Structure formats: C-alpha cells, structure tokens
>>> print(open('coords.cif').read())   # mmCIF, C-alpha atoms
data_protein
loop_
_atom_site.label_atom_id
_atom_site.label_comp_id
_atom_site.auth_asym_id
_atom_site.auth_seq_id
_atom_site.Cartn_x
_atom_site.Cartn_y
_atom_site.Cartn_z
CA MET H 101 -8.31 41.32 -3.42
CA LYS H 102 -4.74 40.61 -4.45
CA ALA H 103 -3.85 36.99 -5.22
CA ILE H 104 -1.50 35.33 -2.74
CA LEU H 105 1.31 33.94 -4.89
CA HIS H 106 3.82 33.03 -2.19
CA GLU H 107 6.72 34.18 -4.38
CA GLU H 108 9.23 33.61 -1.60
CA LYS H 109 8.41 29.94 -1.00
CA VAL H 110 7.51 26.81 -2.93
CA VAL H 111 5.95 23.79 -1.22
CA MET H 112 7.10 20.47 -2.64
CA VAL H 113 4.96 17.46 -1.79
CA GLU H 114 6.95 14.25 -2.22
CA CYS H 115 4.59 11.42 -3.24
CA PRO H 116 6.10 7.94 -2.77
CA ARG H 117 2.59 6.55 -2.27
CA ASP H 118 1.69 7.59 -5.81
CA ALA H 119 4.96 6.17 -7.08
CA TRP H 120 4.45 2.65 -5.77
CA GLN H 121 0.70 2.16 -5.31
CA GLY H 122 0.37 0.39 -8.64
CA PHE H 123 3.41 -1.89 -8.29
CA PRO H 124 2.32 -5.51 -8.88
CA SER H 125 4.62 -6.97 -6.20
CA PHE H 126 4.23 -6.01 -2.54
CA ILE H 127 7.06 -3.88 -1.17
CA PRO H 128 8.01 -5.12 2.33
CA THR H 129 6.92 -2.86 5.14
CA LYS H 130 10.47 -2.52 6.48
CA THR H 131 11.65 -1.38 3.04
CA LYS H 132 8.96 1.28 2.90
CA ILE H 133 9.86 2.50 6.38
CA ALA H 134 13.57 2.75 5.54
CA TYR H 135 12.83 4.67 2.35
CA LEU H 136 10.31 7.04 3.91
CA GLN H 137 12.59 7.72 6.86
CA THR H 138 15.30 8.79 4.42
CA LEU H 139 12.84 11.21 2.79
CA ILE H 140 12.02 12.62 6.22
CA ASP H 141 15.73 12.99 6.98
CA ALA H 142 16.15 14.83 3.66
CA GLY H 143 13.72 17.47 4.91
CA PHE H 144 10.74 17.28 2.57
CA GLU H 145 8.04 19.57 3.91
CA ILE H 146 5.14 17.23 3.09
CA ILE H 147 5.28 13.52 2.23
CA ASP H 148 2.30 11.68 0.74
CA MET H 149 3.23 8.34 2.32
CA GLY H 150 0.22 6.04 2.21
CA SER H 151 -3.51 5.49 1.99
CA PHE H 152 -6.37 4.25 4.11
CA VAL H 153 -8.32 2.63 1.31
CA SER H 154 -9.58 -0.87 0.55
CA PRO H 155 -6.66 -3.34 0.67
CA LYS H 156 -8.47 -5.32 -2.00
CA MET H 157 -8.40 -2.36 -4.37
CA VAL H 158 -4.89 -1.07 -3.51
CA PRO H 159 -3.00 -3.88 -1.74
CA GLN H 160 0.30 -2.03 -1.92
CA VAL H 161 -0.75 0.39 0.85
CA LYS H 162 -2.50 -2.06 3.16
CA ASP H 163 0.35 -1.66 5.67
CA THR H 164 0.07 2.14 6.06
CA HIS H 165 -0.66 1.89 9.79
CA GLU H 166 2.37 -0.38 10.36
CA VAL H 167 4.57 1.94 8.30
CA LEU H 168 3.49 4.92 10.39
CA ILE H 169 4.43 3.08 13.59
CA GLY H 170 7.94 2.58 12.23
CA LEU H 171 8.55 6.22 11.26
CA SER H 172 10.20 8.83 13.47
CA LEU H 173 9.30 12.52 13.10
CA GLU H 174 11.23 13.63 16.18
CA GLY H 175 12.97 16.92 15.48
CA SER H 176 11.70 16.97 11.89
CA PRO H 177 9.58 19.67 10.23
CA THR H 178 8.11 17.08 7.86
CA LYS H 179 4.34 16.66 7.78
CA LEU H 180 2.75 13.42 6.60
CA LEU H 181 -0.23 13.13 4.26
CA VAL H 182 -2.37 10.09 3.48
CA ILE H 183 -5.08 9.56 0.89
CA VAL H 184 -8.59 8.47 1.87
CA ALA H 185 -11.46 7.58 -0.45
CA ASN H 186 -14.36 7.38 1.98
CA VAL H 187 -15.47 8.14 5.53
CA ARG H 188 -14.31 4.79 6.87
CA GLY H 189 -10.78 5.45 5.68
CA ALA H 190 -10.90 8.95 7.16
CA GLU H 191 -12.00 7.55 10.51
CA GLN H 192 -8.88 5.38 10.53
CA ALA H 193 -6.59 8.17 9.36
CA VAL H 194 -7.61 10.77 11.95
CA LEU H 195 -6.59 8.37 14.73
CA GLU H 196 -2.98 8.46 13.54
CA GLU H 197 -1.06 11.09 15.51
CA LYS H 198 1.76 11.31 12.97
CA ILE H 199 -0.59 12.35 10.16
CA SER H 200 -1.19 16.05 9.56
CA TYR H 201 -3.06 15.98 6.24
CA LEU H 202 -5.79 13.87 4.69
CA GLY H 203 -6.03 14.01 0.93
CA TYR H 204 -9.30 13.21 -0.83
CA PRO H 205 -9.49 12.68 -4.62
CA PHE H 206 -12.58 14.51 -5.82
CA SER H 207 -13.12 13.81 -9.51
CA ILE H 208 -15.04 16.25 -11.68
CA SER H 209 -15.41 13.39 -14.18
CA GLU H 210 -18.39 11.26 -13.20
CA THR H 211 -16.89 8.22 -14.94
CA PHE H 212 -13.63 8.45 -13.06
CA GLN H 213 -15.42 9.13 -9.77
CA PHE H 214 -17.09 5.75 -10.15
CA ARG H 215 -13.85 4.03 -11.20
CA ASN H 216 -11.85 5.54 -8.37
CA ALA H 217 -14.35 5.64 -5.50
CA ASN H 218 -17.53 3.90 -6.66
CA CYS H 219 -19.82 6.86 -6.13
CA THR H 220 -21.50 9.78 -7.92
CA LEU H 221 -20.23 13.35 -7.75
CA GLU H 222 -22.98 14.29 -5.29
CA ASP H 223 -22.17 11.27 -3.15
CA SER H 224 -18.52 12.29 -3.27
CA PHE H 225 -19.40 15.81 -2.13
CA ASN H 226 -21.32 14.37 0.82
CA ARG H 227 -18.28 12.27 1.70
CA VAL H 228 -16.12 15.39 1.71
CA TYR H 229 -18.59 17.03 4.11
CA SER H 230 -18.25 14.12 6.56
CA ILE H 231 -14.48 13.84 6.17
CA GLN H 232 -14.06 17.56 6.76
CA GLU H 233 -16.06 17.25 9.97
CA LEU H 234 -13.72 14.48 11.14
CA CYS H 235 -10.66 16.55 10.26
CA LEU H 236 -11.89 19.60 12.13
CA LYS H 237 -12.59 17.53 15.24
CA SER H 238 -9.18 15.82 15.05
CA ASN H 239 -6.99 18.84 14.24
CA LYS H 240 -6.15 17.50 10.78
CA LYS H 241 -6.22 19.42 7.52
CA LEU H 242 -8.11 18.21 4.46
CA VAL H 243 -6.55 18.66 1.04
CA ILE H 244 -8.81 18.14 -1.96
CA TYR H 245 -7.26 16.71 -5.11
CA ILE H 246 -9.39 17.75 -8.07
CA SER H 247 -9.01 14.66 -10.26
CA MET H 248 -9.32 15.09 -14.04
CA ALA H 249 -8.95 18.83 -13.42
CA PHE H 250 -7.63 19.49 -16.93
CA GLY H 251 -9.89 17.13 -18.88
CA ASN H 252 -10.62 13.43 -19.12
CA PRO H 253 -10.44 10.61 -21.70
CA TYR H 254 -14.03 9.48 -21.15
CA GLY H 255 -15.95 12.20 -22.96
CA ASP H 256 -17.36 13.60 -19.71
CA PRO H 257 -18.07 17.36 -19.69
CA TRP H 258 -15.10 19.57 -18.78
CA SER H 259 -14.59 23.31 -18.63
CA THR H 260 -12.91 25.86 -16.40
CA GLU H 261 -16.41 26.78 -15.22
CA ILE H 262 -17.07 23.21 -14.04
CA VAL H 263 -13.83 23.20 -12.06
CA GLU H 264 -14.66 26.60 -10.60
CA GLN H 265 -18.19 25.57 -9.61
CA TRP H 266 -17.04 22.50 -7.69
CA ILE H 267 -14.28 24.41 -5.90
CA HIS H 268 -16.88 27.02 -4.92
CA ARG H 269 -19.01 24.31 -3.32
CA LEU H 270 -16.07 22.70 -1.58
CA THR H 271 -14.82 25.99 -0.13
CA ASP H 272 -18.23 26.41 1.48
CA LEU H 273 -17.17 23.48 3.69
CA GLY H 274 -14.15 25.44 4.91
CA ILE H 275 -11.58 23.77 2.66
CA ASP H 276 -8.79 26.08 1.49
CA THR H 277 -6.16 23.81 -0.08
CA PHE H 278 -6.63 22.18 -3.47
CA SER H 279 -4.31 20.32 -5.81
CA LEU H 280 -5.33 20.26 -9.46
CA ALA H 281 -4.53 16.79 -10.76
CA ASP H 282 -3.64 16.07 -14.37
CA THR H 283 -4.68 12.49 -13.66
CA VAL H 284 -3.92 10.94 -17.05
CA GLY H 285 -1.46 13.48 -18.44
CA VAL H 286 -3.90 15.11 -20.88
CA ALA H 287 -3.14 18.70 -19.90
CA ASP H 288 -1.21 20.95 -22.21
CA PRO H 289 0.50 24.18 -21.08
CA SER H 290 -2.23 26.40 -22.51
CA THR H 291 -4.96 24.58 -20.57
CA ILE H 292 -2.91 24.72 -17.37
CA GLU H 293 -2.31 28.43 -17.87
CA LEU H 294 -6.00 29.07 -18.60
CA LEU H 295 -7.25 27.17 -15.56
CA PHE H 296 -4.78 28.64 -13.07
CA ARG H 297 -5.33 32.17 -14.37
CA GLN H 298 -9.08 31.81 -13.88
CA LEU H 299 -8.94 30.14 -10.48
CA THR H 300 -6.36 32.47 -8.94
CA LYS H 301 -8.53 35.39 -10.02
CA VAL H 302 -11.70 33.92 -8.52
CA PHE H 303 -10.08 32.38 -5.43
CA PRO H 304 -7.19 34.66 -4.45
CA ASN H 305 -6.94 33.33 -0.90
CA LEU H 306 -6.88 29.61 -1.65
CA THR H 307 -3.76 27.48 -1.88
CA LEU H 308 -3.88 26.01 -5.38
CA GLY H 309 -1.31 23.36 -6.18
CA VAL H 310 -0.76 20.99 -9.07
CA HIS H 311 -0.28 17.23 -9.29
CA LEU H 312 1.11 16.54 -12.76
CA HIS H 313 1.36 13.24 -14.55
CA SER H 314 3.66 13.66 -17.51
CA ARG H 315 6.09 11.89 -19.79
CA PRO H 316 9.72 12.72 -18.92
CA ASP H 317 10.16 14.89 -22.02
CA ARG H 318 6.99 16.96 -21.52
CA TRP H 319 7.07 18.15 -17.92
CA ARG H 320 8.85 21.51 -18.18
CA PRO H 321 6.28 23.49 -20.22
CA LYS H 322 3.54 22.23 -17.90
CA VAL H 323 5.39 23.26 -14.74
CA GLN H 324 6.29 26.59 -16.34
CA ALA H 325 2.65 27.30 -17.19
CA ALA H 326 1.48 26.63 -13.63
CA PHE H 327 4.39 28.52 -12.08
CA ASP H 328 3.86 31.59 -14.27
CA GLN H 329 0.25 31.79 -13.06
CA GLY H 330 1.25 31.77 -9.42
CA CYS H 331 1.24 28.08 -8.50
CA ARG H 332 3.67 27.48 -5.63
CA ARG H 333 2.68 23.99 -4.54
CA PHE H 334 3.89 21.05 -6.62
CA ASP H 335 3.57 17.28 -6.13
CA ALA H 336 6.43 15.12 -7.41
CA THR H 337 8.10 11.75 -6.94
CA LEU H 338 11.73 10.72 -7.06
CA SER H 339 12.41 9.05 -10.43
CA GLY H 340 8.95 10.01 -11.71
CA PHE H 341 7.36 6.60 -11.23
CA GLY H 342 3.66 5.99 -10.77
CA GLY H 343 0.27 7.36 -11.53
CA CYS H 344 -3.31 6.37 -10.75
CA PRO H 345 -3.97 2.66 -11.42
CA PHE H 346 -7.70 3.34 -11.85
CA ALA H 347 -7.33 5.97 -14.56
CA GLN H 348 -6.09 3.91 -17.51
CA ASP H 349 -3.99 0.86 -18.24
CA ASP H 350 -0.81 2.74 -19.14
CA LEU H 351 0.45 4.75 -16.16
CA VAL H 352 1.77 8.07 -17.43
CA GLY H 353 4.21 8.68 -14.60
CA ASN H 354 4.64 11.52 -12.12
CA LEU H 355 6.62 14.70 -12.26
CA ASP H 356 10.17 13.78 -11.26
CA THR H 357 11.37 15.43 -8.06
CA MET H 358 14.88 16.09 -9.32
CA SER H 359 13.55 17.75 -12.48
CA LEU H 360 11.33 19.98 -10.36
CA MET H 361 14.28 20.76 -8.09
CA GLN H 362 16.32 21.86 -11.11
CA PHE H 363 13.47 24.09 -12.29
CA LEU H 364 13.22 25.72 -8.86
CA GLU H 365 16.99 26.07 -8.45
CA GLU H 366 17.08 28.06 -11.67
CA ARG H 367 14.74 30.54 -9.99
CA GLY H 368 16.38 30.52 -6.57
CA LEU H 369 13.32 28.88 -5.00
CA ALA H 370 14.42 25.29 -4.35
CA PRO H 371 13.58 24.08 -0.84
CA PRO H 372 16.61 23.44 1.42
CA LEU H 373 16.75 19.65 1.18
CA LYS H 374 19.72 17.86 2.69
CA LYS H 375 21.97 16.52 -0.04
CA VAL H 376 23.28 13.30 1.55
CA PRO H 377 19.93 11.78 2.62
CA LEU H 378 18.38 12.94 -0.67
CA GLU H 379 21.05 11.08 -2.64
CA ARG H 380 20.57 8.07 -0.38
CA ALA H 381 16.82 8.18 -1.02
CA VAL H 382 17.38 8.12 -4.78
CA GLN H 383 19.72 5.15 -4.39
CA LEU H 384 17.29 3.32 -2.10
CA PHE H 385 14.46 3.82 -4.54
CA HIS H 386 16.44 2.31 -7.39
CA ASP H 387 17.99 -0.51 -5.36
CA LYS H 388 15.17 -1.46 -2.98
CA ILE H 389 11.87 -0.15 -4.40
CA ILE H 390 12.00 -0.41 -8.19
CA PRO H 391 12.70 -4.17 -8.16
CA TYR H 392 9.14 -4.66 -6.87
CA HIS H 393 7.84 -3.08 -10.07
CA SER H 394 8.45 -6.49 -11.64
CA PRO H 395 5.42 -8.82 -11.50
CA ASN H 396 7.77 -11.81 -11.34
CA LEU H 397 8.89 -11.29 -7.74
#
>>> encode(input="coords.cif", output="structure tokens")
Amino acid sequence: MKAILHEEKVVMVECPRDAWQGFPSFIPTKTKIAYLQTLIDAGFEIIDMGSFVSPKMVPQVKDTHEVLIGLSLEGSPTKLLVIVANVRGAEQAVLEEKISYLGYPFSISETFQFRNANCTLEDSFNRVYSIQELCLKSNKKLVIYISMAFGNPYGDPWSTEIVEQWIHRLTDLGIDTFSLADTVGVADPSTIELLFRQLTKVFPNLTLGVHLHSRPDRWRPKVQAAFDQGCRRFDATLSGFGGCPFAQDDLVGNLDTMSLMQFLEERGLAPPLKKVPLERAVQLFHDKIIPYHSPNL
C-alpha cells in the first residue's frame, strides 16, 4: 500500500500544557484561560491545553477542569487535547464535552515509564486498553505519545524494532494516531530519518507525528528529517518553553511554534493562523505566563 503523506496539509499541535507544566509558580487559572482563548482565536487546529493527572505530581495543571469551563469554542474549528496517565484521569477527561482528544504517554523505556507513570510497560499497555475503551464509548480519540521514541539516557534497550513492535501491539487496540516523542532531546536527524522511514513503510495508514524537544539552535535538521520522511503532524509551543519534568533535571525545551511556522511557510504549507491573535498570544505568554517561571513568585 502507498504511504499516506498528507502533502497538502500539516497539522500543528500547539502545546501550552507542555510549556508550563514544570513552572515552579502556579499560573492563575484566569491567566491560563485568557492565554488559551487567544490561541483558540488564532485558529490552531489542536491545542494540548491541560492534564488530568495527580495534582501532587503536576500541580500546575490541577485546574484543568476549571480552565475548560472558562474556554469558548463557539464557532471555532479548534480541538482540545489533554494528557492522562492512568484510567482514573481518563475517566475524568471523557466527561469533558470540550475535549476531543486524550493523549497518553507510552514510554518504551521501562525506567521512564516508572518515573512518569509508576508502572511497567505491560501495565501501561493494559492502561491503554482501558483508556481506549473509555474513548470509544465517549466519542473521544486517543493519541499515543511514544515517549523516548528515539532513545533514552538510562541505558534501557532501544531500536527501531522495539518501537515498531509496541506500535504493532497498540494498533491492535484500534489506535491510529501516534506522536513520536524525543523526550529528552537525544534524537539526531539520522535517527529521526531512520525511524520515520521504517515506520511509514510498515504502517502506511497510521498518522505518525513528532513531538521534539530541542535546543533553539538544533531544531531545523530534526524537523527537516521528519518532514522529508513524510511526517505532517508536529507538536510545538510558542517561545519553545517546557519539556517533561520527569525526564531529567534540565528541561531541554520544545520546538518553537514560530520557528516551525517559518519552516512550513518556506514550503507553502503553513496553517492559516490569524496574525493579530497570534501576535497577542506571543505577547501574553511573555508578559503574563513567563513571569511564573520564576520560583520567587
């Protein structure tokens, strides 16, 4: 079968949740609502806006339900995504009418699976089974984030075959959308190219995206490698803040949205975001969100 590359369209997933989840000072709920509403007004197709996880582990997103109440999607094409780490979180998430997607981080590194979700890989697979059942019953779509998809810093086994084997098992549950996560920024362009080439050959009908963590001066070759192998779904955050607080002490940072936009504009594939609210969102992030990155607030 011919691989579906979606040459005519790129899906950009804006990820404010990943930008601010590790901030040491709590961002007020009203500030989050104002910022997210501006992103919705800008026309992002998908926004990763929060999580239903333990407030003890990730206190920054403990107000996800309240934030959702304050958001308006009326007349907007934007779809909202939240991250869940277990069945209990999924049970909360599927009750939210404004949510279209649940994202589950499935690590192929056993060490990171314990650090991130306190379970084994087999336990994690069983969680996915239960979460997928909830999604199907609630008309939600489950997106699997393959954490440590390009390697890990723990010495755990990694290969393209390991990634392929787990995706095979997960597709048996009816899941068709995956985002390959460079969780700690270890991927190089050659590894990204190798993995996407293999997976698009084996799974031509899946949607395979990428969630890159990268230093500001290293993003372009990584994006280029994924793009050249047919990837048309990219996660990014305005200003490139964030990363997973359970991966390592030094957060690598996310792919910056404006850098990705420039890359796509060069190829005539940039999504039609509205300029004024987009500029306002950038300003809001710097003026109202970044100050809470300081632990002294």
>>> atom_distance(input="coords.cif", atom1="atom CA of H:Leu312", atom2="atom CA of H:Tyr229")
25.9 Å
>>> resolve_selection(input="coords.cif", expression="the PyMOL selection byres ((chain H and resi 207) around 10)", output="PyMOL selection string")
chain H and resi 204-206+208-217+220-221+224-225+244-249+252+263+266+281+283
>>> residues_around(input="coords.cif", residues="stretch 297-301 of chain H", least_positions_apart="6", cutoff="12 Å", atoms="all atoms listed in the file", output="PyMOL selection string")
chain H and resi 101-105+249+259-268+278-280+289-291+307-309+325-332
>>> write_last_selection(input="coords.cif", atoms="C-alpha atoms", output="CSV table (one decimal), keeping the file's coordinate frame")
chain,number,residue,atom,x,y,z
H,101,MET,CA,-8.3,41.3,-3.4
H,102,LYS,CA,-4.7,40.6,-4.4
H,103,ALA,CA,-3.8,37.0,-5.2
H,104,ILE,CA,-1.5,35.3,-2.7
H,105,LEU,CA,1.3,33.9,-4.9
H,249,ALA,CA,-9.0,18.8,-13.4
H,259,SER,CA,-14.6,23.3,-18.6
H,260,THR,CA,-12.9,25.9,-16.4
H,261,GLU,CA,-16.4,26.8,-15.2
H,262,ILE,CA,-17.1,23.2,-14.0
H,263,VAL,CA,-13.8,23.2,-12.1
H,264,GLU,CA,-14.7,26.6,-10.6
H,265,GLN,CA,-18.2,25.6,-9.6
H,266,TRP,CA,-17.0,22.5,-7.7
H,267,ILE,CA,-14.3,24.4,-5.9
H,268,HIS,CA,-16.9,27.0,-4.9
H,278,PHE,CA,-6.6,22.2,-3.5
H,279,SER,CA,-4.3,20.3,-5.8
H,280,LEU,CA,-5.3,20.3,-9.5
H,289,PRO,CA,0.5,24.2,-21.1
H,290,SER,CA,-2.2,26.4,-22.5
H,291,THR,CA,-5.0,24.6,-20.6
H,307,THR,CA,-3.8,27.5,-1.9
H,308,LEU,CA,-3.9,26.0,-5.4
H,309,GLY,CA,-1.3,23.4,-6.2
H,325,ALA,CA,2.6,27.3,-17.2
H,326,ALA,CA,1.5,26.6,-13.6
H,327,PHE,CA,4.4,28.5,-12.1
H,328,ASP,CA,3.9,31.6,-14.3
H,329,GLN,CA,0.2,31.8,-13.1
H,330,GLY,CA,1.2,31.8,-9.4
H,331,CYS,CA,1.2,28.1,-8.5
H,332,ARG,CA,3.7,27.5,-5.6
>>> resolve_selection(input="coords.cif", expression="the PyMOL selection byres ((chain H and resi 191) around 10)", output="CSV table (one decimal) with C-alpha atoms, in the coordinates of the input")
chain,number,residue,atom,x,y,z
H,152,PHE,CA,-6.4,4.2,4.1
H,184,VAL,CA,-8.6,8.5,1.9
H,186,ASN,CA,-14.4,7.4,2.0
H,187,VAL,CA,-15.5,8.1,5.5
H,188,ARG,CA,-14.3,4.8,6.9
H,189,GLY,CA,-10.8,5.4,5.7
H,190,ALA,CA,-10.9,9.0,7.2
H,192,GLN,CA,-8.9,5.4,10.5
H,193,ALA,CA,-6.6,8.2,9.4
H,194,VAL,CA,-7.6,10.8,12.0
H,195,LEU,CA,-6.6,8.4,14.7
H,196,GLU,CA,-3.0,8.5,13.5
H,230,SER,CA,-18.2,14.1,6.6
H,231,ILE,CA,-14.5,13.8,6.2
H,234,LEU,CA,-13.7,14.5,11.1
H,235,CYS,CA,-10.7,16.6,10.3
H,238,SER,CA,-9.2,15.8,15.0
>>> resolve_selection(input="coords.cif", expression="the PyMOL selection byres ((chain H and resi 241) around 7)", output="list of chain:residue names")
H:Ser200, H:Tyr201, H:Leu202, H:Cys235, H:Asn239, H:Lys240, H:Leu242, H:Val243
>>> atom_distance(input="coords.cif", atom1="atom CA of H:Ala119", atom2="atom CA of H:Ala185")
17.8 Å
